[in-house]
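Student: Contents are compact mmCIF, N, CA, C and O atoms; file name structure.txt:
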```txt
# COMPACT_ATOMS: atom_id res chain seq x y z
N MET Q 29 134.66 110.30 104.67
CA MET Q 29 135.51 109.84 103.59
C MET Q 29 134.76 110.00 102.28
O MET Q 29 133.60 109.64 102.17
N VAL Q 30 135.46 110.54 101.28
CA VAL Q 30 134.89 110.69 99.94
C VAL Q 30 135.87 110.09 98.94
O VAL Q 30 137.09 110.06 99.18
N SER Q 31 135.33 109.60 97.82
CA SER Q 31 136.22 109.02 96.81
C SER Q 31 135.66 109.26 95.41
O SER Q 31 134.48 109.54 95.25
N LYS Q 32 136.55 109.12 94.44
CA LYS Q 32 136.15 109.33 93.05
C LYS Q 32 137.14 108.61 92.15
O LYS Q 32 138.35 108.62 92.40
N GLU Q 33 136.63 107.98 91.10
CA GLU Q 33 137.50 107.36 90.11
C GLU Q 33 138.01 108.45 89.17
O GLU Q 33 137.24 109.28 88.70
N VAL Q 34 139.32 108.42 88.92
CA VAL Q 34 139.96 109.44 88.08
C VAL Q 34 140.87 108.74 87.08
O VAL Q 34 141.64 107.86 87.44
N LYS Q 35 140.77 109.16 85.83
CA LYS Q 35 141.62 108.60 84.77
C LYS Q 35 142.89 109.43 84.64
O LYS Q 35 142.82 110.66 84.61
N ILE Q 36 144.02 108.77 84.55
CA ILE Q 36 145.30 109.45 84.38
C ILE Q 36 145.45 109.85 82.92
O ILE Q 36 145.49 109.00 82.04
N THR Q 37 145.49 111.16 82.67
CA THR Q 37 145.57 111.67 81.29
C THR Q 37 146.97 112.12 80.92
O THR Q 37 147.25 112.34 79.75
N ASN Q 38 147.83 112.27 81.91
CA ASN Q 38 149.21 112.68 81.65
C ASN Q 38 149.86 111.68 80.71
O ASN Q 38 149.82 110.48 80.96
N PRO Q 39 150.47 112.13 79.59
CA PRO Q 39 150.98 111.20 78.58
C PRO Q 39 152.06 110.23 79.07
O PRO Q 39 152.25 109.16 78.50
N THR Q 40 152.75 110.58 80.15
CA THR Q 40 153.79 109.69 80.65
C THR Q 40 153.40 108.97 81.94
O THR Q 40 154.24 108.33 82.57
N GLY Q 41 152.14 109.06 82.33
CA GLY Q 41 151.70 108.43 83.57
C GLY Q 41 152.27 109.17 84.77
O GLY Q 41 152.58 110.34 84.70
N LEU Q 42 152.41 108.46 85.88
CA LEU Q 42 152.92 109.10 87.10
C LEU Q 42 154.40 108.78 87.28
O LEU Q 42 154.79 108.07 88.20
N HIS Q 43 155.24 109.32 86.38
CA HIS Q 43 156.68 109.21 86.58
C HIS Q 43 157.11 110.27 87.58
O HIS Q 43 156.26 110.91 88.20
N LEU Q 44 158.39 110.49 87.76
CA LEU Q 44 158.88 111.30 88.87
C LEU Q 44 158.31 112.71 88.94
O LEU Q 44 157.82 113.12 89.99
N ARG Q 45 158.36 113.47 87.87
CA ARG Q 45 157.89 114.87 87.93
C ARG Q 45 156.40 114.98 88.24
O ARG Q 45 156.01 115.67 89.18
N PRO Q 46 155.50 114.27 87.50
CA PRO Q 46 154.09 114.38 87.85
C PRO Q 46 153.76 113.77 89.21
O PRO Q 46 152.85 114.24 89.89
N ALA Q 47 154.51 112.76 89.63
CA ALA Q 47 154.29 112.19 90.97
C ALA Q 47 154.62 113.24 92.03
O ALA Q 47 153.88 113.41 93.01
N GLY Q 48 155.71 113.98 91.81
CA GLY Q 48 156.07 115.06 92.73
C GLY Q 48 155.05 116.17 92.73
O GLY Q 48 154.71 116.72 93.79
N ASN Q 49 154.52 116.49 91.54
CA ASN Q 49 153.48 117.52 91.44
C ASN Q 49 152.23 117.10 92.21
O ASN Q 49 151.63 117.90 92.93
N LEU Q 50 151.84 115.82 92.08
CA LEU Q 50 150.67 115.31 92.79
C LEU Q 50 150.89 115.39 94.30
O LEU Q 50 150.02 115.85 95.03
N CYS Q 51 152.06 114.99 94.75
CA CYS Q 51 152.35 115.03 96.19
C CYS Q 51 152.31 116.46 96.72
O CYS Q 51 151.74 116.70 97.78
N LYS Q 52 152.91 117.38 95.98
CA LYS Q 52 152.91 118.78 96.40
C LYS Q 52 151.50 119.32 96.54
O LYS Q 52 151.16 120.01 97.50
N GLU Q 53 150.67 118.98 95.56
CA GLU Q 53 149.27 119.44 95.58
C GLU Q 53 148.52 118.78 96.74
O GLU Q 53 147.75 119.44 97.44
N ALA Q 54 148.71 117.49 96.95
CA ALA Q 54 148.01 116.76 98.02
C ALA Q 54 148.40 117.29 99.39
O ALA Q 54 147.57 117.32 100.31
N MET Q 55 149.64 117.74 99.54
CA MET Q 55 150.12 118.22 100.84
C MET Q 55 149.51 119.57 101.23
O MET Q 55 149.62 119.99 102.38
N ARG Q 56 148.82 120.19 100.31
CA ARG Q 56 148.13 121.45 100.62
C ARG Q 56 146.91 121.23 101.51
O ARG Q 56 146.36 122.18 102.07
N TYR Q 57 146.48 119.99 101.65
CA TYR Q 57 145.25 119.68 102.38
C TYR Q 57 145.56 118.94 103.67
O TYR Q 57 146.51 118.16 103.75
N LYS Q 58 144.72 119.19 104.68
CA LYS Q 58 144.87 118.51 105.97
C LYS Q 58 144.44 117.06 105.88
O LYS Q 58 144.91 116.21 106.62
N SER Q 59 143.51 116.77 104.98
CA SER Q 59 142.95 115.43 104.86
C SER Q 59 144.01 114.40 104.49
O SER Q 59 145.01 114.72 103.83
N LYS Q 60 143.75 113.17 104.90
CA LYS Q 60 144.55 112.04 104.44
C LYS Q 60 144.15 111.80 102.99
O LYS Q 60 142.97 111.69 102.68
N VAL Q 61 145.13 111.74 102.08
CA VAL Q 61 144.85 111.57 100.66
C VAL Q 61 145.56 110.31 100.18
O VAL Q 61 146.79 110.22 100.22
N THR Q 62 144.77 109.34 99.73
CA THR Q 62 145.32 108.09 99.22
C THR Q 62 144.64 107.77 97.90
O THR Q 62 143.66 108.41 97.52
N PHE Q 63 145.16 106.76 97.21
CA PHE Q 63 144.45 106.26 96.05
C PHE Q 63 144.62 104.75 95.97
O PHE Q 63 145.59 104.19 96.46
N ASN Q 64 143.61 104.14 95.38
CA ASN Q 64 143.57 102.69 95.23
C ASN Q 64 143.79 102.38 93.76
O ASN Q 64 143.13 102.94 92.90
N TYR Q 65 144.74 101.49 93.50
CA TYR Q 65 144.98 101.04 92.12
C TYR Q 65 145.38 99.57 92.17
O TYR Q 65 146.34 99.21 92.87
N GLY Q 66 144.63 98.74 91.49
CA GLY Q 66 144.96 97.33 91.45
C GLY Q 66 144.91 96.65 92.80
O GLY Q 66 145.66 95.72 93.06
N GLY Q 67 144.04 97.14 93.67
CA GLY Q 67 143.90 96.54 95.00
C GLY Q 67 144.92 97.03 96.01
O GLY Q 67 144.91 96.61 97.16
N ASN Q 68 145.81 97.91 95.61
CA ASN Q 68 146.82 98.47 96.52
C ASN Q 68 146.49 99.91 96.84
O ASN Q 68 146.04 100.66 95.98
N ILE Q 69 146.74 100.30 98.08
CA ILE Q 69 146.51 101.68 98.52
C ILE Q 69 147.86 102.40 98.56
O ILE Q 69 148.83 101.90 99.13
N ALA Q 70 147.90 103.59 97.94
CA ALA Q 70 149.13 104.40 97.93
C ALA Q 70 148.84 105.74 98.60
O ALA Q 70 147.76 106.30 98.44
N ASN Q 71 149.81 106.24 99.33
CA ASN Q 71 149.72 107.55 99.98
C ASN Q 71 150.06 108.61 98.95
O ASN Q 71 151.19 108.67 98.45
N ALA Q 72 149.10 109.47 98.61
CA ALA Q 72 149.31 110.50 97.59
C ALA Q 72 150.24 111.61 98.06
O ALA Q 72 150.64 112.45 97.27
N LYS Q 73 150.61 111.61 99.33
CA LYS Q 73 151.53 112.62 99.85
C LYS Q 73 152.97 112.12 99.90
O LYS Q 73 153.86 112.80 100.38
N SER Q 74 153.21 110.91 99.40
CA SER Q 74 154.54 110.31 99.39
C SER Q 74 154.96 109.99 97.96
O SER Q 74 154.34 109.16 97.29
N VAL Q 75 156.04 110.63 97.49
CA VAL Q 75 156.51 110.40 96.12
C VAL Q 75 156.84 108.92 95.92
O VAL Q 75 156.49 108.34 94.89
N LEU Q 76 157.50 108.30 96.88
CA LEU Q 76 157.87 106.89 96.73
C LEU Q 76 156.64 106.00 96.64
O LEU Q 76 156.61 105.04 95.86
N SER Q 77 155.63 106.30 97.42
CA SER Q 77 154.39 105.53 97.37
C SER Q 77 153.70 105.68 96.02
O SER Q 77 153.23 104.70 95.43
N VAL Q 78 153.66 106.91 95.50
CA VAL Q 78 153.04 107.16 94.19
C VAL Q 78 153.81 106.46 93.08
O VAL Q 78 153.23 105.78 92.23
N LEU Q 79 155.13 106.58 93.10
CA LEU Q 79 155.96 105.94 92.08
C LEU Q 79 155.83 104.42 92.14
O LEU Q 79 155.80 103.74 91.11
N GLY Q 80 155.74 103.89 93.36
CA GLY Q 80 155.64 102.44 93.55
C GLY Q 80 154.36 101.85 93.00
O GLY Q 80 154.28 100.64 92.76
N ALA Q 81 153.35 102.67 92.78
CA ALA Q 81 152.08 102.18 92.26
C ALA Q 81 152.15 101.89 90.75
O ALA Q 81 151.28 101.22 90.21
N CYS Q 82 153.19 102.40 90.09
CA CYS Q 82 153.42 102.16 88.65
C CYS Q 82 152.19 102.50 87.79
O CYS Q 82 151.70 101.69 87.02
N ILE Q 83 151.70 103.71 87.93
CA ILE Q 83 150.52 104.18 87.20
C ILE Q 83 150.94 104.68 85.82
O ILE Q 83 151.83 105.51 85.70
N LYS Q 84 150.25 104.20 84.80
CA LYS Q 84 150.53 104.59 83.42
C LYS Q 84 149.38 105.44 82.88
O LYS Q 84 148.29 105.44 83.44
N THR Q 85 149.62 106.11 81.77
CA THR Q 85 148.57 106.90 81.15
C THR Q 85 147.39 106.00 80.78
O THR Q 85 147.58 104.87 80.35
N GLY Q 86 146.19 106.49 81.01
CA GLY Q 86 144.99 105.72 80.72
C GLY Q 86 144.50 104.88 81.89
O GLY Q 86 143.37 104.42 81.89
N ASP Q 87 145.35 104.68 82.91
CA ASP Q 87 144.93 103.91 84.09
C ASP Q 87 143.89 104.71 84.88
O ASP Q 87 143.89 105.94 84.86
N VAL Q 88 143.03 104.00 85.57
CA VAL Q 88 142.01 104.64 86.41
C VAL Q 88 142.32 104.31 87.86
O VAL Q 88 142.47 103.14 88.22
N ILE Q 89 142.44 105.36 88.67
CA ILE Q 89 142.66 105.18 90.11
C ILE Q 89 141.43 105.66 90.86
O ILE Q 89 140.64 106.45 90.34
N THR Q 90 141.27 105.18 92.07
CA THR Q 90 140.22 105.68 92.95
C THR Q 90 140.88 106.59 93.98
O THR Q 90 141.63 106.12 94.84
N LEU Q 91 140.65 107.88 93.85
CA LEU Q 91 141.20 108.87 94.76
C LEU Q 91 140.33 108.91 96.02
O LEU Q 91 139.10 108.98 95.91
N ILE Q 92 140.96 108.86 97.19
CA ILE Q 92 140.23 108.81 98.46
C ILE Q 92 140.75 109.91 99.37
O ILE Q 92 141.95 110.02 99.60
N CYS Q 93 139.84 110.74 99.89
CA CYS Q 93 140.20 111.82 100.81
C CYS Q 93 139.39 111.65 102.09
O CYS Q 93 138.19 111.39 102.04
N GLU Q 94 140.08 111.83 103.22
CA GLU Q 94 139.42 111.64 104.51
C GLU Q 94 139.95 112.68 105.49
O GLU Q 94 141.14 112.71 105.80
N GLY Q 95 139.05 113.58 105.95
CA GLY Q 95 139.46 114.60 106.91
C GLY Q 95 138.62 115.85 106.82
O GLY Q 95 137.58 115.88 106.16
N ASP Q 96 139.10 116.90 107.47
CA ASP Q 96 138.35 118.15 107.59
C ASP Q 96 138.02 118.80 106.25
O ASP Q 96 136.94 119.34 106.08
N ASP Q 97 138.95 118.76 105.30
CA ASP Q 97 138.75 119.43 104.02
C ASP Q 97 138.62 118.42 102.87
O ASP Q 97 139.02 118.69 101.75
N GLU Q 98 138.05 117.25 103.17
CA GLU Q 98 138.01 116.16 102.19
C GLU Q 98 137.27 116.50 100.90
O GLU Q 98 137.72 116.12 99.81
N GLU Q 99 136.16 117.21 100.99
CA GLU Q 99 135.39 117.55 99.78
C GLU Q 99 136.20 118.45 98.85
O GLU Q 99 136.28 118.21 97.64
N GLU Q 100 136.80 119.49 99.42
CA GLU Q 100 137.61 120.42 98.63
C GLU Q 100 138.83 119.70 98.05
O GLU Q 100 139.18 119.88 96.88
N ALA Q 101 139.48 118.88 98.86
CA ALA Q 101 140.66 118.14 98.41
C ALA Q 101 140.32 117.22 97.25
O ALA Q 101 141.02 117.19 96.24
N LEU Q 102 139.23 116.48 97.37
CA LEU Q 102 138.83 115.54 96.32
C LEU Q 102 138.53 116.27 95.02
O LEU Q 102 139.02 115.90 93.95
N LYS Q 103 137.75 117.34 95.12
CA LYS Q 103 137.37 118.10 93.92
C LYS Q 103 138.60 118.67 93.22
O LYS Q 103 138.79 118.51 92.01
N ASN Q 104 139.49 119.32 93.98
CA ASN Q 104 140.65 119.97 93.38
C ASN Q 104 141.69 118.98 92.88
O ASN Q 104 142.27 119.17 91.81
N LEU Q 105 141.94 117.92 93.64
CA LEU Q 105 142.93 116.93 93.22
C LEU Q 105 142.46 116.15 91.99
O LEU Q 105 143.25 115.88 91.09
N ALA Q 106 141.19 115.82 91.95
CA ALA Q 106 140.65 115.10 90.78
C ALA Q 106 140.79 115.97 89.54
O ALA Q 106 141.23 115.49 88.48
N ALA Q 107 140.48 117.25 89.64
CA ALA Q 107 140.62 118.18 88.51
C ALA Q 107 142.08 118.31 88.10
O ALA Q 107 142.41 118.32 86.91
N TYR Q 108 142.97 118.39 89.08
CA TYR Q 108 144.40 118.52 88.81
C TYR Q 108 144.92 117.30 88.05
O TYR Q 108 145.66 117.43 87.08
N ILE Q 109 144.50 116.12 88.47
CA ILE Q 109 144.92 114.88 87.80
C ILE Q 109 144.34 114.84 86.38
O ILE Q 109 145.05 114.52 85.42
N GLU Q 110 143.06 115.13 86.25
CA GLU Q 110 142.40 115.07 84.94
C GLU Q 110 142.98 116.09 83.96
O GLU Q 110 142.91 115.90 82.76
N ASN Q 111 143.56 117.16 84.48
CA ASN Q 111 144.14 118.21 83.63
C ASN Q 111 145.63 117.99 83.38
O ASN Q 111 146.31 118.90 82.90
N GLY Q 112 146.16 116.82 83.71
CA GLY Q 112 147.53 116.49 83.33
C GLY Q 112 148.61 116.73 84.37
O GLY Q 112 149.79 116.71 84.03
N LEU Q 113 148.25 117.02 85.60
CA LEU Q 113 149.23 117.16 86.69
C LEU Q 113 150.26 118.25 86.43
O LEU Q 113 151.45 118.10 86.72
N GLY Q 114 149.83 119.34 85.86
CA GLY Q 114 150.72 120.48 85.65
C GLY Q 114 151.72 120.30 84.52
O GLY Q 114 152.69 121.05 84.42
N GLU Q 115 151.52 119.30 83.68
CA GLU Q 115 152.46 119.07 82.56
C GLU Q 115 151.84 119.48 81.24
O GLU Q 115 150.69 119.41 81.03
```
Since I need it in another form, could you write the structure as structure tokens?

Tutor:
Amino acid sequence: MVSKEVKITNPTGLHLRPAGNLCKEAMRYKSKVTFNYGGNIANAKSVLSVLGACIKTGDVITLICEGDDEEEALKNLAAYIENGLGE
């Protein structure tokens, strides 16, 4: 298991479109991908779980990857989030 704190830079936080983008990107990896925010764990491969976390711009989440490709998943997903989630 590997983890990293990542700041949400997307100006609108994780609303529907960036949440969907995050899920699509996370589903490219075999690893289990979750994040911790405010003591709650959300599944990064589920749009409803991501939306339910109510993440706003400037919030810091702890991205957690666990599985065969965890290192690659963590590195790429953290960069994707830090670069604005494709927006």

Student: Could you give me, as a ChimeraX atom specification, each residue of chain Q that DSSP assigns to strand (DSSP E) when run on this structure's backbone?

Tutor: /Q:30-35,60-65,68-71,88-94

Student: Considering all atoms listed in the file, can you say which of Q:Val88, Q:Ala101, Q:Cys82, Q:Cys93 comes closest to Glu53 in chain Q?

Tutor: Q:Ala101

Student: From the set Q:Tyr65, Q:Glu110, Q:Ala70, Q:Ser59, which residue has the shortest atom-to-atom contact distance to Asp96 in chain Q, counting all atoms listed in the file?

Tutor: Q:Ser59

Student: Could you tell me which of Q:Val61, Q:Leu76, Q:Leu50, Q:Leu91 comes closest to Glu115 in chain Q if we count only C-alpha atoms?

Tutor: Q:Leu50

Student: For Leu44 in chain Q, which of Q:Gly95, Q:Ile69, Q:Met29, Q:Ser77 is the closest residue, counting only C-alpha atoms?

Tutor: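 Smallest distance to Leu44 in chain Q is found for Q:Ser77.
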
Student: Go ahead and compute the interatomic distance for atom C of Thr62 in chain Q and CA of Val75 in chain Q, in Å to one decimal.

Tutor: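 Here the two named atoms are 12.3 Å from each other.
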
Student: Compare Q:Cys51, Q:Ile36, Q:Lys60, Q:Lys84 by their minimum atom-to-atom distance to Ala72 in chain Q, counting all atoms listed in the file, and give me the closest one.

Tutor: Q:Cys51

Student: Which of these residues is nearest to Ile83 in chain Q, using all atoms listed in the file: Q:Pro46, Q:Gly41, Q:Gly67, Q:Gly112?

Tutor: Q:Gly41

Student: Name the residues of chain Q that fall into alpha helix (DSSP H) according to DSSP on the backbone, using the chain letters and numbers of this document, as a VMD selection string.

Tutor: chain Q and resid 44 to 54 75 to 80 98 to 110

Student: One decimal, Å: what's the distance from atom O of Thr85 in chain Q over to atom O of Lys58 in chain Q, could you say?

Tutor: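 The value is 28.7 Å.
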